[in-house]
Structure formats: C-alpha cells, structure tokens
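Engineer: I'm passing along work07.csv; it holds CSV, C-alpha atoms.
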chain,number,residue,atom,x,y,z
A,1,MET,CA,111.1,97.2,142.6
A,2,LYS,CA,108.1,99.3,141.7
A,3,THR,CA,104.8,97.9,142.7
A,4,GLY,CA,102.4,100.3,141.2
A,5,LEU,CA,100.5,99.9,137.9
A,6,PRO,CA,100.7,103.4,136.5
A,7,CYS,CA,100.2,102.5,132.9
A,8,SER,CA,97.5,99.9,133.0
A,9,SER,CA,95.6,100.9,136.2
A,10,ALA,CA,93.5,103.4,134.3
A,11,ALA,CA,92.4,100.8,131.8
A,12,LEU,CA,91.9,98.2,134.5
A,13,LEU,CA,89.7,100.5,136.6
A,14,HIS,CA,87.9,102.0,133.6
A,15,PRO,CA,84.1,101.5,133.9
A,16,VAL,CA,84.1,99.5,130.6
A,17,THR,CA,86.5,96.9,132.1
A,18,LEU,CA,84.7,96.8,135.4
A,19,THR,CA,81.3,96.4,133.7
A,20,ALA,CA,82.6,93.7,131.4
A,21,LEU,CA,84.1,91.8,134.4
A,22,ALA,CA,80.8,92.1,136.3
A,23,LEU,CA,78.9,91.0,133.2
A,24,TRP,CA,81.2,88.0,132.8
A,25,ALA,CA,80.7,86.9,136.4
A,26,ILE,CA,76.9,87.5,136.4
A,27,ASN,CA,76.4,85.9,133.1
A,28,ASP,CA,78.3,82.7,134.0
A,29,HIS,CA,76.8,82.2,137.4
A,30,LEU,CA,73.2,83.7,137.0
A,31,LEU,CA,72.2,84.1,133.4
A,32,LYS,CA,73.4,80.8,132.0
A,33,GLY,CA,70.5,78.4,132.2
A,34,TRP,CA,68.0,81.3,132.3
A,35,GLY,CA,68.6,83.2,129.1
A,36,PRO,CA,69.0,81.9,125.6
A,37,ALA,CA,72.2,79.8,125.3
A,38,LEU,CA,73.4,81.6,122.1
A,39,LEU,CA,73.2,85.0,123.9
A,40,THR,CA,74.7,83.9,127.2
A,41,GLY,CA,77.5,82.0,125.5
A,42,LYS,CA,78.6,84.8,123.3
A,43,LEU,CA,78.2,87.4,126.1
A,44,SER,CA,80.7,85.5,128.2
A,45,ASP,CA,83.2,85.4,125.3
A,46,VAL,CA,82.8,89.1,124.5
A,47,ALA,CA,83.2,90.0,128.2
A,48,GLY,CA,86.3,87.8,128.5
A,49,LEU,CA,87.9,89.2,125.4
A,50,ALA,CA,87.2,92.7,126.7
A,51,VAL,CA,88.9,92.0,130.1
A,52,CYS,CA,91.7,89.5,129.5
A,53,PRO,CA,94.1,91.5,127.4
A,54,THR,CA,94.0,94.4,129.9
A,55,VAL,CA,94.6,92.0,132.7
A,56,LEU,CA,97.5,90.4,130.9
A,57,LEU,CA,98.9,93.9,130.3
A,58,GLY,CA,98.5,94.6,134.1
A,59,ILE,CA,100.4,91.4,134.9
A,60,ALA,CA,103.1,92.4,132.5
A,61,GLU,CA,103.4,95.8,134.1
A,62,TRP,CA,103.4,94.3,137.5
A,63,CYS,CA,106.4,92.1,136.5
A,64,THR,CA,108.3,94.5,134.3
A,65,PRO,CA,107.0,98.1,134.8
A,66,GLU,CA,109.8,99.8,132.8
A,67,LEU,CA,109.3,97.6,129.8
A,68,LEU,CA,105.6,98.3,129.7
A,69,GLN,CA,106.1,102.1,130.0
A,70,ARG,CA,108.5,102.0,127.1
A,71,TYR,CA,106.7,99.6,124.8
A,72,TRP,CA,103.1,99.7,125.9
A,73,ARG,CA,101.8,99.7,122.3
A,74,ALA,CA,103.7,96.6,121.4
A,75,LEU,CA,102.8,94.8,124.6
A,76,LEU,CA,99.1,95.8,124.1
A,77,ILE,CA,99.2,94.2,120.6
A,78,ALA,CA,101.0,91.2,122.0
A,79,SER,CA,98.4,90.7,124.8
A,80,CYS,CA,95.5,91.0,122.3
A,81,THR,CA,97.3,88.5,120.0
A,82,VAL,CA,97.9,86.0,122.8
A,83,ILE,CA,94.3,86.1,123.9
A,84,GLY,CA,93.0,85.9,120.3
A,85,LEU,CA,95.3,83.0,119.5
A,86,LEU,CA,94.2,81.2,122.7
A,87,VAL,CA,90.5,81.6,121.7
A,88,VAL,CA,91.2,80.4,118.2
A,89,GLY,CA,93.2,77.4,119.6
A,90,LEU,CA,90.4,76.5,122.0
A,91,GLU,CA,87.8,76.5,119.2
A,92,LEU,CA,89.9,74.7,116.6
A,93,SER,CA,92.8,72.7,118.2
A,94,PRO,CA,92.2,69.6,120.4
A,95,THR,CA,95.8,70.0,121.7
A,96,VAL,CA,95.1,73.5,122.9
A,97,GLN,CA,91.8,72.4,124.4
A,98,LEU,CA,93.5,69.5,126.3
A,99,ALA,CA,96.2,71.8,127.5
A,100,TYR,CA,93.6,74.3,128.7
A,101,GLN,CA,91.6,71.6,130.4
A,102,HIS,CA,94.7,70.3,132.2
A,103,ALA,CA,95.8,73.8,133.2
A,104,LEU,CA,92.5,74.9,134.7
A,105,GLY,CA,91.9,71.4,136.1
A,106,ALA,CA,95.2,71.7,137.9
A,107,ALA,CA,94.3,75.1,139.3
A,108,TRP,CA,90.9,73.8,140.5
A,109,PHE,CA,92.6,70.7,142.0
A,110,ALA,CA,95.1,73.0,143.9
A,111,ALA,CA,92.3,75.2,145.2
A,112,ARG,CA,90.1,72.3,146.2
A,113,SER,CA,93.0,70.5,147.8
A,114,LEU,CA,93.8,73.6,149.9
A,115,VAL,CA,90.2,73.9,151.0
A,116,ALA,CA,90.0,70.2,151.9
A,117,TRP,CA,93.3,70.4,153.8
A,118,LEU,CA,92.1,73.4,155.8
A,119,SER,CA,88.8,71.8,156.6
A,120,GLY,CA,90.1,68.4,157.2
A,121,ALA,CA,88.0,66.8,154.5
A,122,ARG,CA,89.1,64.1,152.0
A,123,ALA,CA,91.4,65.2,149.2
A,124,PRO,CA,89.5,65.8,146.0
A,125,ALA,CA,90.1,63.8,142.8
A,126,PHE,CA,91.8,65.4,139.9
A,127,ALA,CA,89.4,66.2,137.1
A,128,LEU,CA,89.8,68.0,133.8
A,129,VAL,CA,87.6,71.0,133.3
A,130,SER,CA,85.3,70.8,130.3
A,131,THR,CA,85.3,73.0,127.2
A,132,THR,CA,82.6,73.4,124.7
A,133,PRO,CA,84.2,74.2,121.3
A,134,ASP,CA,81.9,76.2,119.0
A,135,VAL,CA,83.4,77.7,115.9
A,136,THR,CA,80.8,80.5,115.9
A,137,ASP,CA,82.5,81.8,119.1
A,138,LEU,CA,85.2,83.1,116.7
A,139,LEU,CA,82.7,85.8,115.6
A,140,THR,CA,83.3,87.4,119.0
A,141,LEU,CA,87.0,88.1,118.2
A,142,PRO,CA,86.4,91.7,117.1
A,143,ALA,CA,85.7,92.3,120.8
A,144,LEU,CA,89.5,92.5,121.2
A,145,ALA,CA,89.1,96.0,119.8
A,146,ILE,CA,87.6,97.0,123.2
A,147,PRO,CA,90.8,96.6,125.3
A,148,CYS,CA,92.9,98.0,122.5
A,149,TRP,CA,90.8,101.2,122.3
A,150,LEU,CA,90.5,101.4,126.1
A,151,VAL,CA,94.3,101.2,126.8
A,152,HIS,CA,95.0,103.6,123.9
A,153,HIS,CA,92.4,106.0,125.1
A,154,THR,CA,93.4,106.0,128.7
A,155,GLN,CA,97.1,106.3,127.8
A,156,LEU,CA,96.4,109.3,125.5
A,157,ALA,CA,94.2,110.9,128.1
A,158,LYS,CA,96.9,110.5,130.6
A,159,GLY,CA,99.3,112.3,128.2
A,160,SER,CA,101.9,109.9,127.0
A,161,PRO,CA,105.1,111.5,125.8
A,162,PRO,CA,104.8,113.0,122.3
A,163,ARG,CA,106.3,111.1,119.5
A,164,VAL,CA,109.6,112.4,118.2
A,165,PRO,CA,109.4,112.9,114.4
A,166,ALA,CA,111.7,110.6,112.5
A,167,ARG,CA,114.8,112.3,111.1
A,168,ILE,CA,115.1,112.0,107.4
B,1,MET,CA,96.1,108.0,145.8
B,2,LYS,CA,98.4,106.3,143.2
B,3,CYS,CA,99.0,103.6,145.7
B,4,ARG,CA,95.3,103.0,146.2
B,5,ARG,CA,94.7,102.9,142.4
B,6,ALA,CA,97.5,100.3,142.1
B,7,LEU,CA,96.0,98.2,144.8
B,8,LEU,CA,92.5,98.4,143.2
B,9,ALA,CA,94.1,97.5,139.8
B,10,LYS,CA,95.7,94.4,141.4
B,11,LEU,CA,92.3,93.5,142.9
B,12,VAL,CA,90.8,93.7,139.5
B,13,ILE,CA,93.5,91.4,138.1
B,14,GLY,CA,92.9,88.9,141.0
B,15,GLY,CA,89.1,89.2,140.5
B,16,SER,CA,89.5,88.5,136.8
B,17,ALA,CA,91.5,85.4,137.5
B,18,LEU,CA,88.9,84.2,139.9
B,19,VAL,CA,86.1,84.9,137.4
B,20,ALA,CA,88.0,83.1,134.6
B,21,LEU,CA,88.6,80.1,136.9
B,22,ALA,CA,85.0,80.0,138.2
B,23,SER,CA,83.6,80.1,134.7
B,24,SER,CA,85.2,76.7,133.8
B,25,PRO,CA,84.5,74.5,136.8
B,26,PRO,CA,85.4,70.8,136.7
B,27,PRO,CA,82.5,68.4,136.4
B,28,GLU,CA,80.2,68.1,139.5
B,29,TRP,CA,79.0,64.6,138.6
B,30,VAL,CA,80.9,61.7,137.1
B,31,ALA,CA,79.3,58.6,135.6
B,32,GLN,CA,81.5,55.5,135.3
B,33,GLN,CA,81.1,52.2,133.6
B,34,GLN,CA,83.7,49.4,133.3
B,35,ALA,CA,84.2,46.4,131.1
B,36,HIS,CA,86.7,43.6,131.3
B,37,LEU,CA,88.1,41.0,128.9
B,38,HIS,CA,90.5,38.1,129.4
B,39,LEU,CA,92.9,37.6,126.5
B,40,VAL,CA,95.2,34.7,126.1
B,41,PHE,CA,98.5,35.0,124.1
B,42,ASP,CA,99.4,31.5,123.0
B,43,GLU,CA,100.9,31.3,119.5
B,44,ARG,CA,99.5,34.5,118.2
B,45,LYS,CA,101.3,37.7,118.8
B,46,GLU,CA,98.3,40.0,118.4
B,47,ARG,CA,94.9,40.1,120.0
B,48,THR,CA,92.2,42.6,119.0
B,49,ALA,CA,89.1,43.7,120.8
B,50,ILE,CA,86.2,46.0,120.0
B,51,LEU,CA,84.9,48.4,122.5
B,52,SER,CA,81.5,50.0,122.0
B,53,ILE,CA,80.3,52.9,124.1
B,54,GLU,CA,76.7,54.1,123.9
B,55,VAL,CA,75.5,57.0,125.9
B,56,SER,CA,72.0,58.5,125.7
B,57,GLY,CA,69.4,60.4,127.6
B,58,LYS,CA,70.0,63.5,129.8
B,59,LEU,CA,73.3,61.9,130.8
B,60,TYR,CA,74.5,62.5,127.3
B,61,ALA,CA,72.8,65.8,126.9
B,62,SER,CA,74.5,67.3,129.9
B,63,ALA,CA,77.9,65.6,129.6
B,64,GLN,CA,80.7,68.1,129.1
B,65,GLY,CA,83.7,65.8,129.1
B,66,GLY,CA,84.6,62.1,129.0
B,67,THR,CA,87.5,59.8,128.9
B,68,LEU,CA,88.2,56.2,128.1
B,69,GLU,CA,91.0,54.6,130.2
B,70,LEU,CA,92.4,51.3,129.3
B,71,PHE,CA,94.4,49.1,131.6
B,72,THR,CA,96.1,45.8,131.1
B,73,THR,CA,97.5,43.5,133.7
B,74,ALA,CA,99.4,40.3,132.8
B,75,ASP,CA,100.3,37.2,134.7
B,76,GLY,CA,103.9,37.1,133.6
B,77,ALA,CA,106.7,39.2,132.2
B,78,ALA,CA,105.3,41.4,129.6
B,79,GLY,CA,107.8,44.2,129.0
B,80,ASP,CA,107.2,44.1,125.3
B,81,LEU,CA,103.4,44.4,125.3
B,82,LEU,CA,102.0,47.2,123.2
B,83,LEU,CA,98.5,48.5,123.7
B,84,SER,CA,96.9,50.7,121.1
B,85,ALA,CA,93.4,52.1,120.5
B,86,ARG,CA,92.0,53.4,117.3
B,87,PRO,CA,88.6,55.1,117.1
B,88,LEU,CA,86.4,53.5,114.5
B,89,PRO,CA,83.7,55.3,112.5
B,90,SER,CA,80.3,54.1,113.6
B,91,ASP,CA,79.7,52.3,110.3
B,92,GLU,CA,83.2,50.8,109.8
B,93,ALA,CA,83.7,47.1,110.0
B,94,VAL,CA,86.5,45.8,112.0
B,95,SER,CA,89.6,46.4,110.0
B,96,ASP,CA,92.2,43.9,108.9
B,97,PRO,CA,95.6,44.5,110.5
B,98,THR,CA,97.0,45.0,107.1
B,99,GLU,CA,94.8,48.1,106.7
B,100,ALA,CA,96.3,49.7,109.7
B,101,SER,CA,98.7,51.9,107.8
B,102,GLN,CA,95.9,53.2,105.6
B,103,ALA,CA,93.7,54.0,108.6
B,104,ASP,CA,96.6,55.7,110.4
B,105,ALA,CA,96.9,58.1,107.4
B,106,ASN,CA,93.7,59.7,108.5
B,107,PRO,CA,94.5,62.1,111.3
B,108,GLU,CA,90.9,62.0,112.6
B,109,LEU,CA,91.3,58.3,113.3
B,110,GLU,CA,94.9,58.3,114.5
B,111,ALA,CA,95.7,55.4,116.8
B,112,LEU,CA,97.0,56.0,120.4
B,113,ALA,CA,99.4,53.5,121.8
B,114,ALA,CA,101.2,52.8,125.1
B,115,ARG,CA,104.0,50.4,125.7
B,116,SER,CA,103.9,48.3,128.9
B,117,ASP,CA,105.8,49.4,131.9
B,118,PRO,CA,109.2,47.7,132.0
B,119,ASP,CA,108.9,47.6,135.8
B,120,LEU,CA,107.6,44.0,136.0
B,121,SER,CA,106.6,44.4,139.7
B,122,SER,CA,103.9,46.9,138.7
B,123,PRO,CA,100.5,45.3,138.7
B,124,ILE,CA,99.1,47.6,136.1
B,125,MET,CA,101.5,47.2,133.2
B,126,THR,CA,99.9,49.3,130.5
B,127,TRP,CA,97.7,52.3,130.6
B,128,LEU,CA,96.1,54.4,127.9
B,129,SER,CA,93.8,57.4,128.2
B,130,VAL,CA,91.6,58.5,125.2
B,131,PRO,CA,89.2,61.5,125.2
B,132,LEU,CA,85.7,60.6,124.2
B,133,GLU,CA,84.4,62.5,121.1
B,134,CYS,CA,80.7,61.9,122.2
B,135,ALA,CA,81.1,64.4,125.0
B,136,GLN,CA,83.2,66.9,123.2
B,137,SER,CA,82.2,67.1,119.5
B,138,GLU,CA,78.9,68.9,119.7
B,139,PRO,CA,77.7,71.6,122.1
B,140,PRO,CA,75.1,69.9,124.5
B,141,ALA,CA,72.3,71.9,122.9
B,142,ARG,CA,72.8,70.5,119.4
B,143,ARG,CA,73.3,66.8,120.4
B,144,PRO,CA,71.1,64.0,119.0
B,145,LYS,CA,69.4,61.6,121.4
B,146,SER,CA,72.3,59.2,121.7
B,147,CYS,CA,75.9,58.7,120.7
B,148,VAL,CA,77.8,55.6,119.9
B,149,GLU,CA,81.6,55.5,119.9
B,150,ARG,CA,83.7,52.4,118.9
B,151,PHE,CA,87.3,51.6,119.4
B,152,GLU,CA,89.5,48.9,118.0
B,153,ILE,CA,91.9,47.9,120.8
B,154,THR,CA,95.0,46.0,119.8
B,155,LEU,CA,97.5,44.2,122.0
B,156,THR,CA,100.7,43.1,120.4
B,157,ARG,CA,103.9,41.4,121.7
B,158,PRO,CA,106.9,40.2,119.8
B,159,SER,CA,107.8,37.4,122.2
B,160,GLN,CA,106.1,34.0,122.0
B,161,MET,CA,105.9,33.1,125.7
B,162,PRO,CA,102.3,32.3,126.7
B,163,LEU,CA,100.7,35.1,128.5
B,164,ASN,CA,97.3,35.8,130.1
B,165,VAL,CA,96.3,39.5,129.9
B,166,ASP,CA,93.3,41.1,131.6
B,167,LEU,CA,92.1,44.2,129.6
B,168,SER,CA,89.9,46.7,131.5
B,169,ALA,CA,88.1,49.6,130.0
B,170,LEU,CA,86.9,52.4,132.3
B,171,VAL,CA,84.6,55.0,130.7
B,172,GLU,CA,84.0,58.2,132.6
B,173,LEU,CA,81.6,61.0,131.7
B,174,GLY,CA,81.2,64.2,133.7
B,175,GLY,CA,79.1,67.3,133.7
B,176,PRO,CA,77.8,70.2,135.7
B,177,GLY,CA,74.9,70.3,138.1
B,178,GLN,CA,73.0,67.3,139.4
B,179,THR,CA,73.6,63.8,138.2
B,180,ALA,CA,71.5,63.4,135.1
B,181,PRO,CA,69.6,60.2,134.4
B,182,GLY,CA,70.5,58.3,131.2
B,183,THR,CA,72.3,55.3,129.8
B,184,LEU,CA,76.0,54.6,129.7
B,185,GLN,CA,76.6,51.2,128.2
B,186,VAL,CA,80.1,49.7,127.6
B,187,LEU,CA,80.6,46.5,125.7
B,188,LEU,CA,84.1,45.0,125.2
B,189,GLU,CA,84.5,41.8,123.2
B,190,GLU,CA,87.3,40.1,121.4
B,191,SER,CA,87.0,40.5,117.7
B,192,ASP,CA,88.6,37.3,116.6
B,193,PRO,CA,88.8,34.8,119.5
Give the structure from this file in structure tokens form.
Structural biologist:
Amino acid sequence: MKTGLPCSSAALLHPVTLTALALWAINDHLLKGWGPALLTGKLSDVAGLAVCPTVLLGIAEWCTPELLQRYWRALLIASCTVIGLLVVGLELSPTVQLAYQHALGAAWFAARSLVAWLSGARAPAFALVSTTPDVTDLLTLPALAIPCWLVHHTQLAKGSPPRVPARI
Amino acid sequence: MKCRRALLAKLVIGGSALVALASSPPPEWVAQQQAHLHLVFDERKERTAILSIEVSGKLYASAQGGTLELFTTADGAAGDLLLSARPLPSDEAVSDPTEASQADANPELEALAARSDPDLSSPIMTWLSVPLECAQSEPPARRPKSCVERFEITLTRPSQMPLNVDLSALVELGGPGQTAPGTLQVLLEESDP
C-alpha cells in the first residue's frame, strides 16, 4: 500500500492552508474573548472551511491513493460539498447538531478517559460538546472556494496529465 | 524528499483534527437542579405535571448547552407506563388531553416519549432526555436577561392496578470557563391533582 500523499500534500503544505490552520487555532484559543465576537466567530468558520476540505481530500488519498489520483476533481468537489452540507446542517438542523455534539463529545470522552487512565485519575463524565447555531455563519460558505482554488492550482502547477480531447 | 512531504502532510491532517476537536470543548462547568413529584395512579390512567425551568444571570448568559432528564420509579409492576414530555410555549395554558393531536401537528412542539423498561427489576423504569432550548436557541451574546421553559409531562398506563410513581426531573446546564453566578430554578407540580 502506498503511504505517500502525492496529490494533496502540495495543497496541505501550501502557505494558505498552514496560515488558515494557524489562524483557526490562534483565533479559538487566544482571540476569542478579546476581539469582537462577530469577527472571531466568522474568522473561525472561514479558516475551518479553508482547511477542512483539503484535509478530507488528504484522508481520502491516504486511504485510496489510486482513486484520488484518477478522480481528484470529483473528490475535491465531493469534499467541499460534504463540508458545506455539514456547516448548513449545523446551522439549520437540530438533528445534525445533536449528532455533531455526540460525535465530538465521544471523541473528547475517549481522549479524557485515556488521560485519566494514564494518570490514575477518576474517569471523566460523558458530556456533549456545545454548538452555537448562527444562520449568519452561512455567509462564510464562499470560503470553500479557497481549498477548491488551492488544490486546483497546486495540481495544475505540478503538471497533471493533459486532457484527451473527446472524440466526435 | 517525497517521504518527508508526505509525513508533513500527515502531520497537518493530524494537527487539523486536533484544532477542530479543541475548538469545540465540552462544558467546563455544569449547574444542576432537581425536582421531584410523587404521583398516585388509582382509578385514573393518566397523570400530568408541569415543569417550569427558569434560568437567569451570568449562568444563562454563558450556558452553551443544557438538558432535561426525566426519570420515573414505580413501586410495582409498571411495564406499560408511558412517559412523554411536550414543550409548552411560555404563554400557553396547560392543554386539555384532547388537544394533544393538534399540538403534535406542530413540529416545534413535538412531544418526546419513552416507554418503561420491561425489566421490572430495574429501579429506574423510564428515562427521557430533552435538550433545553434556553441554552441553544440564541447565541450567548444576544440573549435576554432570563429564559423560562415549560414542559407538560404526561404519564399514562392502560392497566388499572394502583401504582405509586416518583417522577424526578434533573436539569443540567453547562458552559465554558469558570462557573458563572446566576439562578437556575426548577418547579415541578401536578397540573390536576
């Protein structure tokens, strides 16, 4: 099995992705509470939308490298669509919100349980993570154009095989 | 070189997952309030209670999630006991049971129900969890000073055997940072004793 990420690594290591990831982390852990809530909230969403589709594409390539090399455009669109639909669901659907709260709550519970087990502390209680639905967050959806452009740009710069003209 | 790029790309994937996880932490503080009610099933097959939850102050302003958990325990066989909870609009009077079908037509006020555990050895026979709108409907910055949420809780059972049921309501609110001062009041009373 191939373990490299030849197709998506350029986009994952692109300065735009790395800057967005750093902004996401800095914004959530330092700027929130200091800056205006409107700005810090939207900045998180834009940074997340810029990073997540590329990461999803990287995971897809990690699992099925041949598929991604052959259908990278389709998988790029699928990644952006999945992330976009997730954001829409989180803002508009209580069912999606609850599923998200349970999924991340389970991940936190597993991580905290592991830390508690290693340190000999008491097992933590399971708690759902909280979400703050805000319909205006949907205005950040155009940020999905960033990973689309980025992957497209890095693929073309790398020199993807030229398209064969369709035979009429 | 390629191998190093692939490793760095995987590190970026892992780092992104950690950032995504860390940006949605579970609540660091949890405020709890309980209320209890003793219900007697004699000849009637249905008992109704009204639960009022009022939350205000910084506790409300910083709450990012909350749930209402309902438990019933009975003193005898109660395999047919049905527990349901229906959110009431703040200005709605207690509904007549005959209006239930009309109320259920509104998806916003859909009732949640749980049937009792057929395992009669279980001390907690019925359990129902309902998310609290107070802590979820508005972003914290836009919230008013207080929030009141009311539920109509109905217990029904087809059989006519006398039964004593203890109904417990546990309200939990959680949020980030330090515990915030404020009021969390829970009132549970039978609507038609």
Engineer: Tell me, counting all atoms listed in the file, for each residue of chain A within 10 Å of chain B, which pair of atoms is nearest and how far apart they are in Å to one decimal, in rows ordered by chain and increasing number, as JSON lines.
Structural biologist:
{"residue": "A:Thr3", "atom": "CA", "partner": "B:Ala6", "partner_atom": "CA", "distance": 7.7}
{"residue": "A:Gly4", "atom": "CA", "partner": "B:Ala6", "partner_atom": "CA", "distance": 5.0}
{"residue": "A:Leu5", "atom": "CA", "partner": "B:Ala6", "partner_atom": "CA", "distance": 5.2}
{"residue": "A:Pro6", "atom": "CA", "partner": "B:Ala6", "partner_atom": "CA", "distance": 7.2}
{"residue": "A:Cys7", "atom": "CA", "partner": "B:Ala6", "partner_atom": "CA", "distance": 9.8}
{"residue": "A:Ser8", "atom": "CA", "partner": "B:Ala9", "partner_atom": "CA", "distance": 8.0}
{"residue": "A:Ser9", "atom": "CA", "partner": "B:Ala9", "partner_atom": "CA", "distance": 5.2}
{"residue": "A:Ala10", "atom": "CA", "partner": "B:Ala9", "partner_atom": "CA", "distance": 8.1}
{"residue": "A:Ala11", "atom": "CA", "partner": "B:Ala9", "partner_atom": "CA", "distance": 8.8}
{"residue": "A:Leu12", "atom": "CA", "partner": "B:Ala9", "partner_atom": "CA", "distance": 5.8}
{"residue": "A:Leu13", "atom": "CA", "partner": "B:Ala9", "partner_atom": "CA", "distance": 6.2}
{"residue": "A:His14", "atom": "CA", "partner": "B:Ala9", "partner_atom": "CA", "distance": 9.9}
{"residue": "A:Thr17", "atom": "CA", "partner": "B:Val12", "partner_atom": "CA", "distance": 9.1}
{"residue": "A:Leu18", "atom": "CA", "partner": "B:Val12", "partner_atom": "CA", "distance": 8.0}
{"residue": "A:Leu21", "atom": "CA", "partner": "B:Ser16", "partner_atom": "CA", "distance": 6.8}
{"residue": "A:Ala22", "atom": "CA", "partner": "B:Val19", "partner_atom": "CA", "distance": 9.0}
{"residue": "A:Trp24", "atom": "CA", "partner": "B:Val19", "partner_atom": "CA", "distance": 7.4}
{"residue": "A:Ala25", "atom": "CA", "partner": "B:Val19", "partner_atom": "CA", "distance": 5.8}
{"residue": "A:Ile26", "atom": "CA", "partner": "B:Val19", "partner_atom": "CA", "distance": 9.6}
{"residue": "A:Asn27", "atom": "CA", "partner": "B:Ser23", "partner_atom": "CA", "distance": 9.4}
{"residue": "A:Asp28", "atom": "CA", "partner": "B:Ser23", "partner_atom": "CA", "distance": 5.9}
{"residue": "A:His29", "atom": "CA", "partner": "B:Ser23", "partner_atom": "CA", "distance": 7.6}
{"residue": "A:Ala37", "atom": "CA", "partner": "B:Ala141", "partner_atom": "CA", "distance": 8.3}
{"residue": "A:Leu38", "atom": "CA", "partner": "B:Ala141", "partner_atom": "CA", "distance": 9.8}
{"residue": "A:Ser44", "atom": "CA", "partner": "B:Ser23", "partner_atom": "CA", "distance": 8.9}
{"residue": "A:Gly48", "atom": "CA", "partner": "B:Ala20", "partner_atom": "CA", "distance": 7.9}
{"residue": "A:Val51", "atom": "CA", "partner": "B:Ser16", "partner_atom": "CA", "distance": 7.6}
{"residue": "A:Cys52", "atom": "CA", "partner": "B:Ser16", "partner_atom": "CA", "distance": 7.7}
{"residue": "A:Thr54", "atom": "CA", "partner": "B:Ile13", "partner_atom": "CA", "distance": 8.7}
{"residue": "A:Val55", "atom": "CA", "partner": "B:Ile13", "partner_atom": "CA", "distance": 5.5}
{"residue": "A:Leu56", "atom": "CA", "partner": "B:Ile13", "partner_atom": "CA", "distance": 8.3}
{"residue": "A:Leu57", "atom": "CA", "partner": "B:Ile13", "partner_atom": "CA", "distance": 9.8}
{"residue": "A:Gly58", "atom": "CA", "partner": "B:Ile13", "partner_atom": "CA", "distance": 7.2}
{"residue": "A:Ile59", "atom": "CA", "partner": "B:Ile13", "partner_atom": "CA", "distance": 7.6}
{"residue": "A:Trp62", "atom": "CA", "partner": "B:Lys10", "partner_atom": "CA", "distance": 8.6}
{"residue": "A:Pro94", "atom": "CA", "partner": "B:Gln136", "partner_atom": "CA", "distance": 9.8}
{"residue": "A:Leu98", "atom": "CA", "partner": "B:Pro131", "partner_atom": "CA", "distance": 9.1}
{"residue": "A:Gln101", "atom": "CA", "partner": "B:Ser24", "partner_atom": "CA", "distance": 8.9}
{"residue": "A:Leu104", "atom": "CA", "partner": "B:Leu21", "partner_atom": "CA", "distance": 6.9}
{"residue": "A:Gly105", "atom": "CA", "partner": "B:Pro26", "partner_atom": "CA", "distance": 6.6}
{"residue": "A:Ala106", "atom": "CA", "partner": "B:Pro26", "partner_atom": "CA", "distance": 9.9}
{"residue": "A:Ala107", "atom": "CA", "partner": "B:Leu21", "partner_atom": "CA", "distance": 8.0}
{"residue": "A:Trp108", "atom": "CA", "partner": "B:Pro26", "partner_atom": "CA", "distance": 7.3}
{"residue": "A:Phe109", "atom": "CA", "partner": "B:Pro26", "partner_atom": "CA", "distance": 8.9}
{"residue": "A:Phe126", "atom": "CA", "partner": "B:Pro26", "partner_atom": "CA", "distance": 9.0}
{"residue": "A:Ala127", "atom": "CA", "partner": "B:Pro26", "partner_atom": "CA", "distance": 6.1}
{"residue": "A:Leu128", "atom": "CA", "partner": "B:Pro26", "partner_atom": "CA", "distance": 6.0}
{"residue": "A:Val129", "atom": "CA", "partner": "B:Pro26", "partner_atom": "CA", "distance": 4.1}
{"residue": "A:Ser130", "atom": "CA", "partner": "B:Gly65", "partner_atom": "CA", "distance": 5.4}
{"residue": "A:Thr131", "atom": "CA", "partner": "B:Gln64", "partner_atom": "CA", "distance": 7.0}
{"residue": "A:Thr132", "atom": "CA", "partner": "B:Pro139", "partner_atom": "CA", "distance": 5.8}
{"residue": "A:Pro133", "atom": "CA", "partner": "B:Pro139", "partner_atom": "CA", "distance": 7.0}
{"residue": "A:Asp134", "atom": "CA", "partner": "B:Pro139", "partner_atom": "CA", "distance": 7.0}
Engineer: For atom CA of B:Val40 and atom CA of B:Leu81, quote the distance in Å rounded to one decimal.
Structural biologist: 12.7 Å
Engineer: What is the atom CA of A:Leu92-atom CA of A:Ala110 distance in Å, reported with one decimal?
Structural biologist: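 Rounded to one decimal, the two atoms are 27.8 Å apart.
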Engineer: Any idea what's packed within 10 Å of B:Leu68, counting all atoms listed in the file, ignoring anything in its chain fewer than 2 positions away? Could you give it as an NGL selection string?
Structural biologist: :B and (32-34 or 53 or 66 or 70 or 128-132 or 151 or 169-173)
Engineer: Measure the distance from atom CA of A:Ala145 to atom CA of A:Trp34 in Å and round it to one decimal.
Structural biologist: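 About the pair atom CA of A:Ala145 and atom CA of A:Trp34: they are 28.6 Å apart.
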Engineer: Could you check which of B:Leu155, B:Ala61, B:Leu39, B:Val148 is closest to B:Glu133, using all atoms listed in the file?
Structural biologist: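 Distance minimum relative to B:Glu133 lands on B:Val148.
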Engineer: Just want the 7 Å neighbourhood of stretch 139-143 of chain A, counted on all atoms listed in the file, with same-chain residues fewer than 3 positions away dropped. Output as a PDB file with C-alpha atoms, in the frame of the given file.
Structural biologist:
ATOM      1  CA  LYS A  42      78.600  84.800 123.300  1.00  0.00           C
ATOM      2  CA  ASP A  45      83.200  85.400 125.300  1.00  0.00           C
ATOM      3  CA  VAL A  46      82.800  89.100 124.500  1.00  0.00           C
ATOM      4  CA  LEU A  49      87.900  89.200 125.400  1.00  0.00           C
ATOM      5  CA  ALA A  50      87.200  92.700 126.700  1.00  0.00           C
ATOM      6  CA  GLY A  84      93.000  85.900 120.300  1.00  0.00           C
ATOM      7  CA  THR A 136      80.800  80.500 115.900  1.00  0.00           C
ATOM      8  CA  ILE A 146      87.600  97.000 123.200  1.00  0.00           C
TER       9      ILE A 146
END
Engineer: Select, from B:Ser191, B:Trp127, B:Ser168, B:Met161, the residue with the minimum atom-to-atom distance to B:Leu82, counting only C-alpha atoms.
Structural biologist: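 Under the stated criterion, the closest residue is B:Trp127.
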Engineer: Out of A:Ala116, A:Gly41, A:Leu138, A:Pro15, which residue has the shortest atom-to-atom distance to A:Glu91 when counting only C-alpha atoms?
Structural biologist: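 Using only C-alpha atoms, A:Glu91 sits closest to A:Leu138.
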Engineer: Keeping C-alpha atoms, write stretch 92-113 of chain A of the structure just shown out as a compact mmCIF listing (two decimals), in the first residue's frame.
Structural biologist:
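Written file, part_5.txt:
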# COMPACT_ATOMS: atom_id res chain seq x y z
CA LEU A 92 -30.20 24.68 10.43
CA SER A 93 -30.84 21.11 11.60
CA PRO A 94 -31.18 20.16 15.30
CA THR A 95 -30.59 16.51 14.30
CA VAL A 96 -27.22 17.30 12.71
CA GLN A 97 -26.32 19.49 15.70
CA LEU A 98 -27.13 16.65 18.10
CA ALA A 99 -25.15 14.13 16.03
CA TYR A 100 -22.18 16.54 15.94
CA GLN A 101 -22.43 17.17 19.70
CA HIS A 102 -22.47 13.41 20.35
CA ALA A 103 -19.60 12.66 17.94
CA LEU A 104 -17.27 15.32 19.33
CA GLY A 105 -18.44 14.56 22.87
CA ALA A 106 -17.44 10.92 22.32
CA ALA A 107 -14.03 11.96 20.96
CA TRP A 108 -13.44 14.20 23.99
CA PHE A 109 -14.63 11.46 26.34
CA ALA A 110 -12.21 8.97 24.78
CA ALA A 111 -9.31 11.44 24.99
CA ARG A 112 -10.07 12.43 28.60
CA SER A 113 -10.61 8.81 29.64
